[in-house]
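Quick notes on the structure that follows.
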Amino acid sequence: MASAAHYLGFDFSTQQLKVIAVNEEFQVVYEDNVQFDKDLPEFGTQGGVHVHNDKLTVTSPVLMWVKALDIILDRMKSSGFDFSSIKALSGTGQQHGSVYWKEGSRAVLNSLQPEFPLHTLLQSCFSVSDSPVWMDSSTTAECQQLEESVGGPQELANITGSRAYERFTGNQISKIYKHKPEAYHQTERISLVSSFAASLFIGDYAPIDYSDGSGMNLLDIRNKTWNEKCLEACAPSLREKLGPVVSSSTVLGTVSVYFIQRFGFSCDCSVVAFTGDNPASLAGMRLEDGDIAVSLGTSDTLFLWIQEPTPALEGHIFCNPVQSQDYMALLCFKNGSLMREKIRDECSSGSWEKFSKVLSLTPPGNNGCLGFYFDVMEITPHAVGVHRFNGENQKVSEFPKDVEIRALIEGQFMAKRIYAERLGYKIMPQTRILATGGASCNQEILQVLSDIFNAPVHTIAIANSACLGCSYRAAHGLSLKSSPISFADVFKPVELKLVVTPRPEAEKIYQPLLKRYAECESKVMEESRNK
Ligand code: 5FX
């Protein structure tokens, strides 16, 4: 691998840090990951996070992420990887999480000594050692305050692309300011997980990119500048602490001397702005206008490329990570895999095989039985608990096991269709659904997805789309320096595998059911509010 040129992508996700190297043909030549729970047990995380006693506050130790980078780079070095061949690198992080750099840290970043690992050098650089992450839902009060100060939820959505969400960074910063004022005042820079990781590579504070910056309830997604009213509503001096915002394909500079001396990186190795994991996945999947990507992982997400933002009260509009004048719509559902696994354990003795068999034997539409399964407070919609309705719209406390399994899967996908349509998405004859993530290998689950959307479902022969997307973004960002070439011109569409097509009777069954699902959902939300 000595002479070829390479591009690197890093993914600081919730449970692990991943790295991928691609060659000039964009084939993967190196891949590795560090699992936070297993490889860094000294931090005592579960699934990469600490859930606090209130069950609402969720954080990750920032030094765990730093140490994971030390480990992954050391392993790459031991494997003989030629760092001098890397032309550019970029990366991604779980969205919304925030990192608080203590006064004086910029000077430390500027002069990292190559004989020491980063976690030793940076150990006293953080004014908040436990970073709030996207799973946190403890900032309801801050959300209300922000929405009120700009004239209501729709107004906030019109400016920032989303109404106030608990996990969105502005509200998290506001909570830190209120509850840890001293730490806040000692903070010189606030980064997102993505820009924090980029900062490690450039040895300076890296700017936040437009796309990940759209997940903060602070950025005006049309002007691409911080919105003064939002900043003021969250915390004082926030503009200085956040620094500038840049387009997601900006070359921020080159790697710092630390990486040249410690690992043998070339002094010309460019660092392209890091972005959020969902935007990075859009790049990795090489999504085309009109496609709808459904990622079935820890959280389920659904995203699409759009030209015109139409912010709604549920869901998010972000700046597009590969074409900065365009946008992407995102819906995030917290009760994804963990909920499916829970029902699998309860209703099919922990076996996916039995679970799938039930799906193939039960009728589409579940004889009118509908279910809402929110083990933890859901993001879309804001509701919690398990709620079941029989065919007569009456609430029931239990379903037979096979009905329960189908109600869960149908409910999860009906919610996705309803919310995508509310964001302006229209299912057309040419609509393609691109499924990724753990559950995308389950054909019976995908059949339900296909039936409910009345569209064919394809899978993509790529894993780790966010991480891979960043190696592509690194290459694209670098090439933009010499010519204004579009991402789609550099990367041809990804190869898809058609897995399932909708059953002919599906649309007729699900059209009325979708309407009923939306009505029952209003009742569920009403109940959650009154709890
Ligand atoms: C998106 O808004 C989310 O909160 C999640 O998908 C995180 O980005 C997961 F890392």
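Simple scheme: letters A, B, ... for chains in structure tokens order, numbers from 1 for residues in each chain, numbers from 1 for ligands in the order shown.
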
Within 6 Å of ligand 1, which residues of chain A show up? Give each one with its shortest atom-to-atom distance in Å (one decimal) and the two atoms involved, counting only C-alpha atoms and all ligand atoms, rows by chain then rising residue number, as a Markdown table.
| residue | atom | partner | partner_atom_place_in_ligand_line | distance |
| --- | --- | --- | --- | --- |
| A:Ser13 | CA | ligand 1 | 10 (F) | 5.7 |
| A:Thr14 | CA | ligand 1 | 10 (F) | 5.8 |
| A:Gln94 | CA | ligand 1 | 10 (F) | 3.4 |
| A:Gln95 | CA | ligand 1 | 8 (O) | 3.8 |
| A:Trp134 | CA | ligand 1 | 4 (O) | 4.9 |
| A:Asp277 | CA | ligand 1 | 8 (O) | 5.5 |
| A:Asn278 | CA | ligand 1 | 8 (O) | 5.9 |
| A:Cys332 | CA | ligand 1 | 1 (C) | 5.4 |

Which residues are near A:Leu514? Cut-off 9 Å, only C-alpha atoms, ignore same chain within fewer than 3 positions. Put them as an MDAnalysis selection string. chainID A and resid 414:415 417:418 452 510:511 517:519

Could the residues in this selection be saved with C-alpha atoms as a PDB file, in the first residue's frame?
ATOM      1  CA  MET A 414     -46.377   4.028   9.430  1.00  0.00           C
ATOM      2  CA  ALA A 415     -44.888   6.754  11.633  1.00  0.00           C
ATOM      3  CA  ARG A 417     -44.344   7.561   6.174  1.00  0.00           C
ATOM      4  CA  ILE A 418     -46.672   9.970   7.975  1.00  0.00           C
ATOM      5  CA  ILE A 452     -46.412   0.714   3.882  1.00  0.00           C
ATOM      6  CA  TYR A 510     -52.547   0.956   4.431  1.00  0.00           C
ATOM      7  CA  GLN A 511     -54.162   4.176   3.148  1.00  0.00           C
ATOM      8  CA  TYR A 517     -52.633   5.599  12.980  1.00  0.00           C
ATOM      9  CA  ALA A 518     -52.319   9.407  12.886  1.00  0.00           C
ATOM     10  CA  GLU A 519     -55.573   9.777  14.846  1.00  0.00           C
TER      11      GLU A 519
END

Point out the residue among A:Gly91, A:Tyr425, A:Ile509, A:Leu56 with the least atom-to-atom distance to A:Phe12, counting only C-alpha atoms. A:Gly91

Just the residues within 9 Å of A:Asn110, please, counting only C-alpha atoms, with nothing from its chain fewer than 5 positions along; format it as a ChimeraX atom specification. /A:105,202-204,256

Could you please take those selected residues and save N, CA, C and O atoms as a short mmCIF file (atom, residue, chain, number, x, y, z; two decimals), in the first residue's frame?
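Dumped to result-v5.cif:
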data_model
loop_
_atom_site.label_atom_id
_atom_site.label_comp_id
_atom_site.auth_asym_id
_atom_site.auth_seq_id
_atom_site.Cartn_x
_atom_site.Cartn_y
_atom_site.Cartn_z
N SER A 105 -7.03 26.17 26.14
CA SER A 105 -6.89 24.91 25.40
C SER A 105 -6.43 25.12 23.96
O SER A 105 -5.79 24.25 23.39
N ILE A 202 -6.38 19.25 13.24
CA ILE A 202 -5.71 20.47 12.75
C ILE A 202 -4.93 21.17 13.87
O ILE A 202 -4.21 22.13 13.61
N GLY A 203 -5.08 20.70 15.11
CA GLY A 203 -4.34 21.33 16.20
C GLY A 203 -4.80 22.76 16.44
O GLY A 203 -4.00 23.64 16.77
N ASP A 204 -6.07 22.98 16.28
CA ASP A 204 -6.65 24.31 16.51
C ASP A 204 -8.17 24.12 16.55
O ASP A 204 -8.66 23.06 16.19
N SER A 256 -1.87 18.82 11.85
CA SER A 256 -0.87 19.55 12.65
C SER A 256 0.45 18.76 12.70
O SER A 256 0.48 17.56 12.40
#

Could you pull out the residues in stretch 197-360 of chain A that DSSP calls helix (DSSP H, G or I) from the backbone, as JSON, numbers by chain? {"A": [197, 198, 199, 200, 201, 202, 210, 211, 212, 213, 228, 229, 230, 231, 232, 233, 234, 238, 239, 240, 241, 242, 257, 258, 259, 260, 261, 262, 263, 277, 278, 279, 280, 281, 282, 283, 284, 337, 338, 339, 340, 341, 342, 343, 344, 345, 346, 347, 352, 353, 354, 355, 356, 357, 358, 359, 360]}

Skip stretch 464-475 of chain A itself and residues of its chain fewer than 5 positions away, then list as an mmCIF file with all heavy atoms, in the first residue's frame all residues within 7 Å of it, counting only C-alpha atoms.
data_model
loop_
_atom_site.group_PDB
_atom_site.id
_atom_site.type_symbol
_atom_site.label_atom_id
_atom_site.label_comp_id
_atom_site.auth_asym_id
_atom_site.auth_seq_id
_atom_site.Cartn_x
_atom_site.Cartn_y
_atom_site.Cartn_z
ATOM 1 N N TYR A 7 -7.487 8.297 1.041
ATOM 2 C CA TYR A 7 -8.332 9.269 1.755
ATOM 3 C C TYR A 7 -8.876 8.568 2.994
ATOM 4 O O TYR A 7 -9.261 7.401 2.923
ATOM 5 C CB TYR A 7 -9.494 9.729 0.867
ATOM 6 C CG TYR A 7 -8.997 10.376 -0.405
ATOM 7 C CD1 TYR A 7 -8.904 9.639 -1.593
ATOM 8 C CD2 TYR A 7 -8.596 11.710 -0.404
ATOM 9 C CE1 TYR A 7 -8.410 10.225 -2.745
ATOM 10 C CE2 TYR A 7 -8.106 12.299 -1.557
ATOM 11 C CZ TYR A 7 -8.011 11.555 -2.721
ATOM 12 O OH TYR A 7 -7.515 12.139 -3.853
ATOM 13 N N LEU A 8 -8.932 9.291 4.093
ATOM 14 C CA LEU A 8 -9.401 8.672 5.354
ATOM 15 C C LEU A 8 -10.735 9.276 5.787
ATOM 16 O O LEU A 8 -10.961 10.485 5.630
ATOM 17 C CB LEU A 8 -8.428 8.964 6.501
ATOM 18 C CG LEU A 8 -7.102 8.252 6.623
ATOM 19 C CD1 LEU A 8 -6.515 8.537 8.006
ATOM 20 C CD2 LEU A 8 -7.260 6.756 6.416
ATOM 21 N N GLY A 9 -11.570 8.419 6.353
ATOM 22 C CA GLY A 9 -12.807 8.891 6.996
ATOM 23 C C GLY A 9 -12.841 8.368 8.433
ATOM 24 O O GLY A 9 -12.499 7.202 8.672
ATOM 25 N N PHE A 10 -13.217 9.216 9.380
ATOM 26 C CA PHE A 10 -13.371 8.807 10.785
ATOM 27 C C PHE A 10 -14.833 8.987 11.184
ATOM 28 O O PHE A 10 -15.489 9.922 10.723
ATOM 29 C CB PHE A 10 -12.504 9.686 11.709
ATOM 30 C CG PHE A 10 -11.031 9.430 11.564
ATOM 31 C CD1 PHE A 10 -10.290 10.139 10.627
ATOM 32 C CD2 PHE A 10 -10.392 8.474 12.332
ATOM 33 C CE1 PHE A 10 -8.929 9.901 10.466
ATOM 34 C CE2 PHE A 10 -9.034 8.229 12.186
ATOM 35 C CZ PHE A 10 -8.295 8.948 11.246
ATOM 36 N N ASP A 11 -15.316 8.109 12.030
ATOM 37 C CA ASP A 11 -16.693 8.246 12.512
ATOM 38 C C ASP A 11 -16.730 8.101 14.031
ATOM 39 O O ASP A 11 -16.575 7.002 14.561
ATOM 40 C CB ASP A 11 -17.580 7.175 11.845
ATOM 41 C CG ASP A 11 -19.024 7.255 12.326
ATOM 42 O OD1 ASP A 11 -19.363 8.190 13.074
ATOM 43 O OD2 ASP A 11 -19.826 6.365 11.952
ATOM 44 N N LYS A 18 -14.769 4.662 14.353
ATOM 45 C CA LYS A 18 -14.386 3.849 13.183
ATOM 46 C C LYS A 18 -13.451 4.645 12.296
ATOM 47 O O LYS A 18 -13.503 5.878 12.280
ATOM 48 C CB LYS A 18 -15.623 3.520 12.335
ATOM 49 C CG LYS A 18 -16.610 2.642 13.007
ATOM 50 C CD LYS A 18 -17.777 2.339 12.064
ATOM 51 C CE LYS A 18 -19.047 2.191 12.862
ATOM 52 N NZ LYS A 18 -20.139 3.031 12.462
ATOM 53 N N VAL A 19 -12.640 3.897 11.549
ATOM 54 C CA VAL A 19 -11.830 4.544 10.520
ATOM 55 C C VAL A 19 -11.910 3.709 9.251
ATOM 56 O O VAL A 19 -12.007 2.469 9.323
ATOM 57 C CB VAL A 19 -10.357 4.725 10.976
ATOM 58 C CG1 VAL A 19 -9.648 3.397 11.196
ATOM 59 C CG2 VAL A 19 -9.575 5.548 9.953
ATOM 60 N N ILE A 20 -11.925 4.393 8.115
ATOM 61 C CA ILE A 20 -11.897 3.717 6.814
ATOM 62 C C ILE A 20 -10.895 4.461 5.933
ATOM 63 O O ILE A 20 -10.879 5.696 5.911
ATOM 64 C CB ILE A 20 -13.298 3.748 6.142
ATOM 65 C CG1 ILE A 20 -14.214 2.717 6.792
ATOM 66 C CG2 ILE A 20 -13.204 3.482 4.637
ATOM 67 C CD1 ILE A 20 -15.599 2.613 6.177
ATOM 68 N N ALA A 21 -10.041 3.700 5.226
ATOM 69 C CA ALA A 21 -9.172 4.315 4.213
ATOM 70 C C ALA A 21 -9.614 3.815 2.851
ATOM 71 O O ALA A 21 -9.862 2.610 2.686
ATOM 72 C CB ALA A 21 -7.720 3.930 4.464
ATOM 73 N N VAL A 22 -9.751 4.717 1.897
ATOM 74 C CA VAL A 22 -10.052 4.302 0.517
ATOM 75 C C VAL A 22 -8.886 4.725 -0.375
ATOM 76 O O VAL A 22 -8.168 5.681 -0.065
ATOM 77 C CB VAL A 22 -11.373 4.900 -0.027
ATOM 78 C CG1 VAL A 22 -12.565 4.414 0.774
ATOM 79 C CG2 VAL A 22 -11.342 6.425 -0.072
ATOM 80 N N ALA A 88 -5.963 13.428 1.973
ATOM 81 C CA ALA A 88 -6.934 14.232 2.724
ATOM 82 C C ALA A 88 -7.716 13.324 3.660
ATOM 83 O O ALA A 88 -7.854 12.115 3.400
ATOM 84 C CB ALA A 88 -7.898 14.925 1.769
ATOM 85 N N LEU A 89 -8.215 13.905 4.735
ATOM 86 C CA LEU A 89 -9.078 13.154 5.647
ATOM 87 C C LEU A 89 -10.250 14.021 6.052
ATOM 88 O O LEU A 89 -10.198 15.254 5.987
ATOM 89 C CB LEU A 89 -8.282 12.662 6.871
ATOM 90 C CG LEU A 89 -7.730 13.691 7.858
ATOM 91 C CD1 LEU A 89 -8.751 14.085 8.908
ATOM 92 C CD2 LEU A 89 -6.515 13.101 8.572
ATOM 93 N N SER A 90 -11.324 13.346 6.431
ATOM 94 C CA SER A 90 -12.458 14.058 6.997
ATOM 95 C C SER A 90 -13.121 13.124 8.009
ATOM 96 O O SER A 90 -12.620 12.019 8.255
ATOM 97 C CB SER A 90 -13.436 14.489 5.913
ATOM 98 O OG SER A 90 -14.437 15.306 6.497
ATOM 99 N N GLY A 91 -14.229 13.545 8.550
ATOM 100 C CA GLY A 91 -14.838 12.687 9.559
ATOM 101 C C GLY A 91 -16.234 13.142 9.911
ATOM 102 O O GLY A 91 -16.777 14.106 9.362
ATOM 103 N N THR A 92 -16.792 12.400 10.845
ATOM 104 C CA THR A 92 -18.164 12.650 11.258
ATOM 105 C C THR A 92 -18.300 12.319 12.740
ATOM 106 O O THR A 92 -17.458 11.628 13.317
ATOM 107 C CB THR A 92 -19.119 11.798 10.408
ATOM 108 O OG1 THR A 92 -20.445 11.998 10.864
ATOM 109 C CG2 THR A 92 -18.807 10.311 10.496
ATOM 110 N N SER A 249 -17.858 21.212 2.843
ATOM 111 C CA SER A 249 -16.735 20.691 2.038
ATOM 112 C C SER A 249 -15.480 21.558 2.128
ATOM 113 O O SER A 249 -14.550 21.368 1.355
ATOM 114 C CB SER A 249 -17.121 20.535 0.569
ATOM 115 O OG SER A 249 -18.425 20.861 0.319
ATOM 116 N N VAL A 272 -10.625 18.096 5.728
ATOM 117 C CA VAL A 272 -11.882 18.674 5.249
ATOM 118 C C VAL A 272 -12.845 18.712 6.445
ATOM 119 O O VAL A 272 -12.837 17.789 7.276
ATOM 120 C CB VAL A 272 -12.447 17.829 4.078
ATOM 121 C CG1 VAL A 272 -13.849 18.276 3.688
ATOM 122 C CG2 VAL A 272 -11.501 17.922 2.879
ATOM 123 N N ASP A 277 -23.291 12.597 11.605
ATOM 124 C CA ASP A 277 -23.331 11.240 11.031
ATOM 125 C C ASP A 277 -24.435 11.059 9.981
ATOM 126 O O ASP A 277 -24.228 10.379 8.970
ATOM 127 C CB ASP A 277 -23.429 10.156 12.121
ATOM 128 C CG ASP A 277 -24.565 10.354 13.103
ATOM 129 O OD1 ASP A 277 -25.330 11.342 12.993
ATOM 130 O OD2 ASP A 277 -24.711 9.511 14.003
ATOM 131 N N ASN A 278 -25.593 11.698 10.190
ATOM 132 C CA ASN A 278 -26.646 11.535 9.169
ATOM 133 C C ASN A 278 -26.276 12.251 7.867
ATOM 134 O O ASN A 278 -26.386 11.643 6.797
ATOM 135 C CB ASN A 278 -28.000 11.991 9.718
ATOM 136 C CG ASN A 278 -28.455 11.069 10.829
ATOM 137 O OD1 ASN A 278 -28.712 9.893 10.606
ATOM 138 N ND2 ASN A 278 -28.496 11.572 12.056
ATOM 139 N N ALA A 280 -23.319 12.728 6.840
ATOM 140 C CA ALA A 280 -22.224 11.934 6.264
ATOM 141 C C ALA A 280 -22.763 10.673 5.588
ATOM 142 O O ALA A 280 -22.247 10.232 4.559
ATOM 143 C CB ALA A 280 -21.224 11.560 7.357
ATOM 144 N N SER A 281 -23.818 10.101 6.148
ATOM 145 C CA SER A 281 -24.439 8.914 5.528
ATOM 146 C C SER A 281 -25.047 9.274 4.188
ATOM 147 O O SER A 281 -24.995 8.482 3.247
ATOM 148 C CB SER A 281 -25.576 8.387 6.396
ATOM 149 O OG SER A 281 -25.095 7.466 7.274
ATOM 150 N N ALA A 283 -23.932 11.359 2.162
ATOM 151 C CA ALA A 283 -22.807 11.366 1.216
ATOM 152 C C ALA A 283 -22.372 9.935 0.902
ATOM 153 O O ALA A 283 -22.153 9.577 -0.256
ATOM 154 C CB ALA A 283 -21.648 12.172 1.801
ATOM 155 N N GLY A 284 -22.277 9.095 1.940
ATOM 156 C CA GLY A 284 -21.796 7.721 1.744
ATOM 157 C C GLY A 284 -22.744 6.894 0.896
ATOM 158 O O GLY A 284 -22.330 6.012 0.143
ATOM 159 N N MET A 285 -24.044 7.188 1.013
ATOM 160 C CA MET A 285 -25.023 6.416 0.234
ATOM 161 C C MET A 285 -25.207 7.003 -1.154
ATOM 162 O O MET A 285 -25.944 6.464 -1.965
ATOM 163 C CB MET A 285 -26.367 6.390 0.974
ATOM 164 C CG MET A 285 -26.292 5.579 2.243
ATOM 165 S SD MET A 285 -27.732 5.813 3.288
ATOM 166 C CE MET A 285 -28.892 4.755 2.495
#

Closest contacts (stretch 264-327 of chain A/stretch 339-360 of chain A, max 12 Å, only C-alpha atoms) as CSV:
residue,atom,partner,partner_atom,distance
A:Leu296,CA,A:Arg340,CA,10.2
A:Gly297,CA,A:Arg340,CA,10.2
A:Thr298,CA,A:Met339,CA,9.1
A:Ser299,CA,A:Met339,CA,9.6
A:Asp300,CA,A:Met339,CA,10.6

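Distances to A:Glu398 were evaluated for A:Arg516, A:Thr431, A:Cys369, A:Lys426 using only C-alpha atoms, and the minimum falls at A:Cys369.
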
Take atom CA of A:Gln123 and atom CA of A:Leu242 and report the distance between them in Å, one decimal.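 Distance reported for this atom pair: 21.3 Å.
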
Name the residues of stretch 157-381 of chain A that come out as strand (DSSP E or B) in a backbone DSSP run; write them as a ChimeraX atom specification. /A:187-192,208-209,219-220,225-226,245-246,251-254,270-272,275-276,292-296,300-306,316-319,327-333,370-374

Pick from A:Leu118, A:Ile409, A:Leu200, A:Ile221 nearest to A:Asp70, counting only C-alpha atoms: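 That would be A:Leu118, the residue with the smallest distance to A:Asp70.
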
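Minimum atom-to-atom distances from A:Asn33, A:Ser129, A:Thr459, A:Ser483 to A:Arg75 were compared using only C-alpha atoms, and the lowest value belongs to A:Asn33.
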
Looking at A:Lys481, A:Lys229, A:Lys523, A:His458, which one is nearest to A:Ser149, with distances taken over only C-alpha atoms?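 Of A:Lys481, A:Lys229, A:Lys523, A:His458, the one nearest A:Ser149 is A:Lys229, counting only C-alpha atoms.
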
Please provide the set of residues having any atom within 12 Å of A:Gly152, restricted to only C-alpha atoms, with same-chain residues fewer than 4 positions apart removed, written as a PyMOL selection string. chain A and resi 143-148+156-159+162-164+230+313

Mind pulling up the distance from atom CA of A:Lys241 to atom CA of A:Ile317? 24.1 Å

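Take the candidates A:Arg432, A:Lys497, A:Lys334, A:Arg388 and check each one against A:Ala461 using only C-alpha atoms; the shortest distance goes to A:Lys497.
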
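The shell of residues at most 9 Å from A:Ile379, with only C-alpha atoms counted and near chain neighbours (fewer than 6 positions) removed, consists of Ser137, Tyr165, Glu166, Glu314, Gly315, Leu331, Cys332, Phe333, Lys334 and Asn335 of chain A.
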
Within 10 Å of A:Phe126, counting only C-alpha atoms, which residues qualify if same-chain residues fewer than 4 places away don't, as a ChimeraX atom specification? /A:62-63,99-105,122,130-131,183,186-190
